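Asker: Structure supplied as final-v6.pdb; contents: PDB, C-alpha atoms.
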ATOM      1  CA  MET A 186      13.989  26.970  11.842
ATOM      2  CA  SER A 187      10.356  26.479  12.863
ATOM      3  CA  LEU A 188       8.230  23.558  11.676
ATOM      4  CA  ASP A 189       6.228  25.847   9.383
ATOM      5  CA  GLN A 190       9.425  27.257   7.845
ATOM      6  CA  LEU A 191      10.806  23.772   7.335
ATOM      7  CA  LEU A 192       7.645  22.582   5.601
ATOM      8  CA  LEU A 193       7.463  25.687   3.438
ATOM      9  CA  SER A 194      10.987  24.944   2.197
ATOM     10  CA  ILE A 195       9.990  21.542   0.760
ATOM     11  CA  PRO A 196       9.545  21.692  -3.044
ATOM     12  CA  PRO A 197       6.131  20.269  -4.010
ATOM     13  CA  LEU A 198       7.755  18.219  -6.786
ATOM     14  CA  ALA A 199       9.877  16.448  -4.168
ATOM     15  CA  VAL A 200       6.718  15.465  -2.264
ATOM     16  CA  TYR A 201       5.128  13.993  -5.409
ATOM     17  CA  LEU A 202       8.306  12.112  -6.341
ATOM     18  CA  VAL A 203       8.681  10.632  -2.849
ATOM     19  CA  VAL A 204       5.054   9.477  -2.851
ATOM     20  CA  ALA A 205       5.366   7.899  -6.295
ATOM     21  CA  LEU A 206       8.703   6.236  -5.479
ATOM     22  CA  VAL A 207       7.745   4.778  -2.089
ATOM     23  CA  VAL A 208       4.371   3.502  -3.320
ATOM     24  CA  MET A 209       6.012   2.067  -6.451
ATOM     25  CA  VAL A 210       8.707   0.171  -4.545
ATOM     26  CA  GLU A 211       6.145  -1.148  -2.049
ATOM     27  CA  SER A 212       3.961  -2.331  -4.936
ATOM     28  CA  MET A 213       6.936  -4.146  -6.451
ATOM     29  CA  GLY A 214       7.001  -6.383  -3.383
ATOM     30  CA  VAL A 215       9.311  -4.516  -0.989
ATOM     31  CA  PRO A 216       7.692  -3.768   2.407
ATOM     32  CA  LEU A 217       7.840   0.044   2.591
ATOM     33  CA  PRO A 218       5.249   2.356   4.254
ATOM     34  CA  GLY A 219       3.445   3.403   1.077
ATOM     35  CA  GLU A 220       0.135   4.201   2.739
ATOM     36  CA  VAL A 221       1.756   6.235   5.542
ATOM     37  CA  THR A 222       3.709   8.208   2.924
ATOM     38  CA  LEU A 223       0.527   8.917   0.955
ATOM     39  CA  VAL A 224      -1.359  10.006   4.091
ATOM     40  CA  THR A 225       1.488  12.288   5.164
ATOM     41  CA  ALA A 226       1.615  13.951   1.734
ATOM     42  CA  ALA A 227      -2.167  14.399   1.781
ATOM     43  CA  ILE A 228      -1.899  16.123   5.154
ATOM     44  CA  LEU A 229       0.724  18.476   3.742
ATOM     45  CA  SER A 230      -1.622  19.298   0.861
ATOM     46  CA  SER A 231      -4.360  20.273   3.325
ATOM     47  CA  HIS A 232      -2.152  22.997   4.829
ATOM     48  CA  HIS A 233      -2.867  25.857   2.452
ATOM     49  CA  GLN A 234       0.348  27.728   3.254
ATOM     50  CA  LEU A 235       2.136  24.975   1.376
ATOM     51  CA  ASP A 236       2.038  24.659  -2.395
ATOM     52  CA  VAL A 237       1.386  20.914  -2.377
ATOM     53  CA  SER A 238      -1.588  19.900  -4.530
ATOM     54  CA  HIS A 239      -3.826  17.118  -3.244
ATOM     55  CA  LEU A 240      -4.694  16.282  -6.865
ATOM     56  CA  TRP A 241      -1.048  15.677  -7.754
ATOM     57  CA  VAL A 242      -0.479  13.721  -4.554
ATOM     58  CA  ALA A 243      -3.293  11.391  -5.619
ATOM     59  CA  VAL A 244      -1.929  11.191  -9.168
ATOM     60  CA  ALA A 245       1.547  10.383  -7.840
ATOM     61  CA  GLY A 246       0.126   7.660  -5.588
ATOM     62  CA  THR A 247      -1.840   6.183  -8.486
ATOM     63  CA  ALA A 248       1.158   6.234 -10.820
ATOM     64  CA  GLY A 249       3.400   4.620  -8.218
ATOM     65  CA  ALA A 250       0.828   1.896  -7.526
ATOM     66  CA  VAL A 251       0.179   1.033 -11.178
ATOM     67  CA  VAL A 252       3.814   1.126 -12.297
ATOM     68  CA  GLY A 253       5.076  -0.721  -9.222
ATOM     69  CA  ASP A 254       2.475  -3.469  -9.505
ATOM     70  CA  SER A 255       3.224  -3.865 -13.200
ATOM     71  CA  ILE A 256       6.952  -4.200 -12.542
ATOM     72  CA  GLY A 257       6.244  -6.692  -9.774
ATOM     73  CA  TYR A 258       3.949  -8.604 -12.134
ATOM     74  CA  GLY A 259       6.656  -8.733 -14.802
ATOM     75  CA  VAL A 260       9.285  -9.991 -12.352
ATOM     76  CA  GLY A 261       6.912 -12.591 -10.934
ATOM     77  CA  HIS A 262       5.898 -13.739 -14.408
ATOM     78  CA  HIS A 263       9.484 -14.251 -15.607
ATOM     79  CA  VAL A 264      11.135 -15.452 -12.388
ATOM     80  CA  GLY A 265       8.237 -17.562 -11.137
ATOM     81  CA  ARG A 266       8.141 -19.118  -7.702
ATOM     82  CA  ARG A 267      11.844 -18.436  -7.178
ATOM     83  CA  LEU A 268      10.743 -14.866  -6.465
ATOM     84  CA  LEU A 269       8.588 -16.046  -3.559
ATOM     85  CA  VAL A 270      11.520 -18.022  -2.158
ATOM     86  CA  TRP A 271      13.748 -14.942  -2.430
ATOM     87  CA  LEU A 272      11.155 -12.726  -0.746
ATOM     88  CA  ARG A 273      10.709 -15.254   2.043
ATOM     89  CA  HIS A 274      14.425 -15.299   2.795
ATOM     90  CA  ARG A 275      14.996 -11.567   2.260
ATOM     91  CA  PHE A 276      11.938 -10.258   4.116
ATOM     92  CA  SER A 277      11.076 -13.144   6.426
ATOM     93  CA  ARG A 278       9.235 -10.873   8.847
ATOM     94  CA  HIS A 279       6.649  -9.953   6.216
ATOM     95  CA  PHE A 280       6.846 -12.945   3.839
ATOM     96  CA  GLY A 281       6.856 -16.080   5.945
ATOM     97  CA  ALA A 282       5.505 -19.361   4.594
ATOM     98  CA  LYS A 283       2.138 -18.675   6.239
ATOM     99  CA  GLU A 284       1.805 -15.255   4.629
ATOM    100  CA  ILE A 285       2.746 -16.532   1.178
ATOM    101  CA  ALA A 286       0.397 -19.517   1.403
ATOM    102  CA  TYR A 287      -2.459 -17.297   2.572
ATOM    103  CA  ALA A 288      -1.898 -14.677  -0.131
ATOM    104  CA  GLU A 289      -1.620 -17.347  -2.813
ATOM    105  CA  ALA A 290      -4.921 -18.887  -1.709
ATOM    106  CA  VAL A 291      -6.640 -15.486  -1.793
ATOM    107  CA  PHE A 292      -5.337 -14.607  -5.262
ATOM    108  CA  THR A 293      -6.047 -18.070  -6.667
ATOM    109  CA  ARG A 294      -9.622 -17.970  -5.412
ATOM    110  CA  HIS A 295     -10.534 -14.364  -6.173
ATOM    111  CA  GLY A 296      -8.291 -13.446  -9.125
ATOM    112  CA  VAL A 297      -8.713  -9.861 -10.314
ATOM    113  CA  TRP A 298     -10.929  -9.011  -7.346
ATOM    114  CA  ALA A 299      -8.010  -9.796  -5.077
ATOM    115  CA  VAL A 300      -5.875  -7.399  -7.136
ATOM    116  CA  PHE A 301      -8.445  -4.624  -6.777
ATOM    117  CA  PHE A 302      -9.365  -5.048  -3.100
ATOM    118  CA  GLY A 303      -5.862  -6.136  -2.141
ATOM    119  CA  ARG A 304      -4.724  -2.547  -2.721
ATOM    120  CA  PHE A 305      -6.504  -1.625   0.515
ATOM    121  CA  VAL A 306      -4.819  -4.333   2.651
ATOM    122  CA  ALA A 307      -1.131  -3.918   3.507
ATOM    123  CA  LEU A 308      -0.117  -7.574   3.107
ATOM    124  CA  LEU A 309      -2.029  -8.114  -0.141
ATOM    125  CA  ARG A 310      -0.963  -4.708  -1.482
ATOM    126  CA  ILE A 311       2.674  -5.846  -1.410
ATOM    127  CA  PHE A 312       1.864  -9.247  -2.922
ATOM    128  CA  ALA A 313      -0.556  -8.127  -5.652
ATOM    129  CA  GLY A 314       1.892  -7.550  -8.505
ATOM    130  CA  PRO A 315       4.502 -10.259  -7.939
ATOM    131  CA  LEU A 316       2.011 -12.971  -6.995
ATOM    132  CA  SER A 317      -0.267 -12.212  -9.943
ATOM    133  CA  GLY A 318       2.747 -12.705 -12.217
ATOM    134  CA  VAL A 319       3.787 -15.918 -10.494
ATOM    135  CA  LEU A 320       0.247 -17.312 -10.815
ATOM    136  CA  ARG A 321       0.164 -16.283 -14.502
ATOM    137  CA  LEU A 322      -2.928 -14.123 -14.172
ATOM    138  CA  PRO A 323      -3.429 -12.748 -17.726
ATOM    139  CA  TYR A 324      -2.011  -9.235 -17.891
ATOM    140  CA  HIS A 325      -4.984  -7.914 -19.852
ATOM    141  CA  ARG A 326      -7.128  -8.823 -16.825
ATOM    142  CA  PHE A 327      -4.547  -7.773 -14.241
ATOM    143  CA  LEU A 328      -3.914  -4.273 -15.588
ATOM    144  CA  PRO A 329      -7.492  -2.880 -15.398
ATOM    145  CA  ALA A 330      -7.959  -4.233 -11.866
ATOM    146  CA  ASN A 331      -4.548  -2.911 -10.893
ATOM    147  CA  ALA A 332      -5.182   0.557 -12.355
ATOM    148  CA  LEU A 333      -8.699   0.869 -10.930
ATOM    149  CA  GLY A 334      -7.638  -0.390  -7.512
ATOM    150  CA  GLY A 335      -4.591   1.880  -7.406
ATOM    151  CA  ALA A 336      -6.557   4.952  -8.463
ATOM    152  CA  THR A 337      -9.430   4.263  -6.059
ATOM    153  CA  TRP A 338      -7.041   3.710  -3.160
ATOM    154  CA  ALA A 339      -4.853   6.747  -3.906
ATOM    155  CA  PHE A 340      -7.682   9.202  -4.587
ATOM    156  CA  ALA A 341      -9.928   8.013  -1.746
ATOM    157  CA  THR A 342      -7.077   8.151   0.766
ATOM    158  CA  THR A 343      -5.728  11.487  -0.420
ATOM    159  CA  TYR A 344      -9.051  13.292  -0.686
ATOM    160  CA  GLY A 345     -10.350  11.830   2.581
ATOM    161  CA  VAL A 346      -7.300  13.013   4.502
ATOM    162  CA  TYR A 347      -7.273  16.335   2.616
ATOM    163  CA  VAL A 348     -10.879  17.119   3.597
ATOM    164  CA  LEU A 349     -10.265  16.196   7.239
ATOM    165  CA  GLY A 350      -7.038  18.193   7.287
ATOM    166  CA  THR A 351      -8.752  21.237   5.761
ATOM    167  CA  VAL A 352     -11.462  21.096   8.432
ATOM    168  CA  ALA A 353      -8.811  20.808  11.128
ATOM    169  CA  GLU A 354      -6.891  23.802   9.789
ATOM    170  CA  LYS A 355     -10.075  25.886   9.560
ATOM    171  CA  TRP A 356     -11.524  25.147  12.980
ATOM    172  CA  LEU A 357      -8.479  24.441  15.108
ATOM    173  CA  LYS A 358      -6.549  27.473  13.820
ATOM    174  CA  THR A 359      -3.571  27.785  16.170
ATOM    175  CA  PHE A 360      -3.801  24.106  17.024
ATOM    176  CA  ALA A 361      -4.209  22.972  13.443
ATOM    177  CA  TRP A 362      -0.958  21.034  13.399
ATOM    178  CA  ALA A 363      -1.994  19.170  16.539
ATOM    179  CA  GLY A 364      -5.165  18.165  14.727
ATOM    180  CA  LEU A 365      -3.258  17.123  11.632
ATOM    181  CA  ALA A 366      -0.862  15.109  13.753
ATOM    182  CA  ALA A 367      -3.895  13.397  15.272
ATOM    183  CA  PHE A 368      -4.929  12.297  11.769
ATOM    184  CA  VAL A 369      -1.509  10.721  11.252
ATOM    185  CA  VAL A 370      -1.796   8.859  14.560
ATOM    186  CA  GLY A 371      -5.339   7.812  13.709
ATOM    187  CA  SER A 372      -4.249   6.501  10.320
ATOM    188  CA  LEU A 373      -1.409   4.540  11.866
ATOM    189  CA  LEU A 374      -3.783   3.106  14.467
ATOM    190  CA  ALA A 375      -6.300   2.059  11.816
ATOM    191  CA  SER A 376      -3.517   0.470   9.791
ATOM    192  CA  THR A 377      -2.283  -1.395  12.881
ATOM    193  CA  LEU A 378      -5.752  -2.708  13.699
ATOM    194  CA  LEU A 379      -6.277  -3.864  10.119
ATOM    195  CA  GLY A 380      -2.857  -5.483  10.188
ATOM    196  CA  ARG A 381      -3.807  -7.443  13.299
ATOM    197  CA  ARG A 382      -7.010  -8.588  11.638
ATOM    198  CA  VAL A 383      -5.071  -9.814   8.623
ATOM    199  CA  ARG A 384      -2.606 -11.528  10.932
ATOM    200  CA  ARG A 385      -5.466 -13.427  12.582
ATOM    201  CA  ALA A 386      -6.733 -14.430   9.140
ATOM    202  CA  VAL A 387      -3.252 -15.688   8.210
ATOM    203  CA  ASP A 388      -2.947 -17.715  11.421
ATOM    204  CA  HIS A 389      -6.430 -19.148  10.922
ATOM    205  CA  PHE A 390      -5.566 -20.170   7.371
ATOM    206  CA  ALA A 391      -2.290 -21.774   8.458
ATOM    207  CA  GLU A 392      -4.056 -23.716  11.194
ATOM    208  CA  HIS A 393      -6.611 -25.181   8.785
ATOM    209  CA  HIS A 394      -4.319 -25.594   5.755
ATOM    210  CA  PRO A 395      -0.997 -26.932   7.100
ATOM    211  CA  LYS A 396      -0.225 -28.711   3.821
ATOM    212  CA  ALA A 397      -0.303 -25.435   1.882
ATOM    213  CA  VAL A 398       2.132 -23.858   4.340
ATOM    214  CA  ALA A 399       4.374 -26.939   4.274
ATOM    215  CA  ALA A 400       4.443 -26.815   0.465
ATOM    216  CA  VAL A 401       5.728 -23.238   0.545
ATOM    217  CA  GLU A 402       8.369 -24.135   3.138
ATOM    218  CA  ALA A 403       9.535 -27.053   1.005
ATOM    219  CA  GLU A 404      10.334 -24.750  -1.902
ATOM    220  CA  GLY A 405      13.553 -23.573  -0.260
TER     221      GLY A 405
END
Starting from the file, give its structure as structure tokens.
Answerer:
Amino acid sequence: MSLDQLLLSIPPLAVYLVVALVVMVESMGVPLPGEVTLVTAAILSSHHQLDVSHLWVAVAGTAGAVVGDSIGYGVGHHVGRRLLVWLRHRFSRHFGAKEIAYAEAVFTRHGVWAVFFGRFVALLRIFAGPLSGVLRLPYHRFLPANALGGATWAFATTYGVYVLGTVAEKWLKTFAWAGLAAFVVGSLLASTLLGRRVRRAVDHFAEHHPKAVAAVEAEG
């Protein structure tokens, strides 16, 4: 079976469900590749032989982000800091003491703005819901920032990739898939570079705020 035949066999509903599920679980605090999944689905929607709608990809991404963050908020609100301890032990690669201390400082200082803009940063995107609940950010303030941030992120990402993918399919013709693959690689590269920048910010914070990191480590 060729690549085109394989892609044509994928039910559009399955694409939307996968996007919503992966983004939702990531937003709950589990480190999954939500952004990569959204970008991949957007690329599929730009290939007009497929019946995948870029609008519904964006809607699925938005729904997953809002629902996942809300679930994460609820868990964080009821479980409290024990959730951070569990995340640190369960996903130590992504939730070390430095990462938690840094994220907590960002959310404490910026509040709802951190919820909105955090949607665009991998580390903060995972922390947004659970940490907002742990810090007792009022839900009536959290929800609008969460919904607006999730929708902006999902629609901007989906439509940006869709437009680029449509241009690639139109002008590259036979080599359209090579162009679309290049967008995937480019997205991964951009995500990696942003991740390194966040990592430097985390290390800088830990260097200048050792007591905050030590306090997180002392929790268990």
Asker: Nearest to Ser255 (chain A): which of A:Thr337, A:Pro329, A:Tyr347, A:Ala391 is it, counting all atoms listed in the file?
Answerer: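 Looking only at the distances to Ser255 (chain A), the closest residue turns out to be A:Pro329.
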Asker: Closest to Trp338 (chain A) among A:Phe280, A:Phe305, A:Tyr258, A:Tyr287, using all atoms listed in the file?
Answerer: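 Nearest to Trp338 (chain A): A:Phe305.
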Asker: In Å, rounded to a single decimal, give me how far CA of Asp254 (chain A) is from CA of Ala199 (chain A).
Answerer: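 Between CA of Ala199 (chain A) and CA of Asp254 (chain A) the gap works out to 21.9 Å.
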Asker: Using the chain letters and numbers from the file, give me the residues hit by the PyMOL selection byres ((chain A and resi 288) around 9), as a JSON list (two decimals) with C-alpha atoms, in the coordinates of the input.
Answerer:
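Below is the file that was written, out-v2.json:
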[["chain", "number", "residue", "atom", "x", "y", "z"],
["A", 283, "LYS", "CA", 2.14, -18.68, 6.24],
["A", 284, "GLU", "CA", 1.80, -15.26, 4.63],
["A", 285, "ILE", "CA", 2.75, -16.53, 1.18],
["A", 286, "ALA", "CA", 0.40, -19.52, 1.40],
["A", 287, "TYR", "CA", -2.46, -17.30, 2.57],
["A", 289, "GLU", "CA", -1.62, -17.35, -2.81],
["A", 290, "ALA", "CA", -4.92, -18.89, -1.71],
["A", 291, "VAL", "CA", -6.64, -15.49, -1.79],
["A", 292, "PHE", "CA", -5.34, -14.61, -5.26],
["A", 293, "THR", "CA", -6.05, -18.07, -6.67],
["A", 308, "LEU", "CA", -0.12, -7.57, 3.11],
["A", 309, "LEU", "CA", -2.03, -8.11, -0.14],
["A", 312, "PHE", "CA", 1.86, -9.25, -2.92],
["A", 313, "ALA", "CA", -0.56, -8.13, -5.65],
["A", 316, "LEU", "CA", 2.01, -12.97, -7.00],
["A", 387, "VAL", "CA", -3.25, -15.69, 8.21]]
Asker: Would you kindly translate the PyMOL selection byres ((chain A and resi 246-249) around 7) into the concrete residues it picks from this file, as a list of chain:residue names?
Answerer: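 Evaluating the PyMOL selection byres ((chain A and resi 246-249) around 7) on this file yields A:Val204, A:Ala205, A:Leu206, A:Val208, A:Met209, A:Leu223, A:Val242, A:Ala243, A:Val244, A:Ala245, A:Ala250, A:Val251, A:Val252, A:Gly253, A:Gly335, A:Ala336, A:Ala339.
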Asker: In the coordinate frame of the file, compute which residues have an atom within 12 Å of (6.1, 13.9, 4.8) when using all atoms listed in the file, and state them as an mmCIF file with C-alpha atoms, in the coordinates of the input.
Answerer:
data_model
loop_
_atom_site.group_PDB
_atom_site.id
_atom_site.type_symbol
_atom_site.label_atom_id
_atom_site.label_comp_id
_atom_site.auth_asym_id
_atom_site.auth_seq_id
_atom_site.Cartn_x
_atom_site.Cartn_y
_atom_site.Cartn_z
ATOM 1 C CA LEU A 191 10.806 23.772 7.335
ATOM 2 C CA LEU A 192 7.645 22.582 5.601
ATOM 3 C CA LEU A 193 7.463 25.687 3.438
ATOM 4 C CA ILE A 195 9.990 21.542 0.760
ATOM 5 C CA PRO A 196 9.545 21.692 -3.044
ATOM 6 C CA PRO A 197 6.131 20.269 -4.010
ATOM 7 C CA ALA A 199 9.877 16.448 -4.168
ATOM 8 C CA VAL A 200 6.718 15.465 -2.264
ATOM 9 C CA TYR A 201 5.128 13.993 -5.409
ATOM 10 C CA LEU A 202 8.306 12.112 -6.341
ATOM 11 C CA VAL A 203 8.681 10.632 -2.849
ATOM 12 C CA VAL A 204 5.054 9.477 -2.851
ATOM 13 C CA VAL A 207 7.745 4.778 -2.089
ATOM 14 C CA PRO A 218 5.249 2.356 4.254
ATOM 15 C CA GLY A 219 3.445 3.403 1.077
ATOM 16 C CA GLU A 220 0.135 4.201 2.739
ATOM 17 C CA VAL A 221 1.756 6.235 5.542
ATOM 18 C CA THR A 222 3.709 8.208 2.924
ATOM 19 C CA LEU A 223 0.527 8.917 0.955
ATOM 20 C CA VAL A 224 -1.359 10.006 4.091
ATOM 21 C CA THR A 225 1.488 12.288 5.164
ATOM 22 C CA ALA A 226 1.615 13.951 1.734
ATOM 23 C CA ALA A 227 -2.167 14.399 1.781
ATOM 24 C CA ILE A 228 -1.899 16.123 5.154
ATOM 25 C CA LEU A 229 0.724 18.476 3.742
ATOM 26 C CA SER A 230 -1.622 19.298 0.861
ATOM 27 C CA VAL A 237 1.386 20.914 -2.377
ATOM 28 C CA VAL A 242 -0.479 13.721 -4.554
ATOM 29 C CA ALA A 366 -0.862 15.109 13.753
ATOM 30 C CA VAL A 369 -1.509 10.721 11.252
#
Asker: Go through A:Val210, A:Ser277, A:Ala282, A:Leu268 one by one, measure the shortest atom-to-atom distance of each to His394 (chain A) using all atoms listed in the file, and give the residue with the smallest value.
Answerer: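 Of all the options, A:Ala282 lies closest to His394 (chain A).
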Asker: Separation of CA of Phe276 (chain A) and CA of Ile256 (chain A), in Å?
Answerer: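 It comes out at 18.4 Å.
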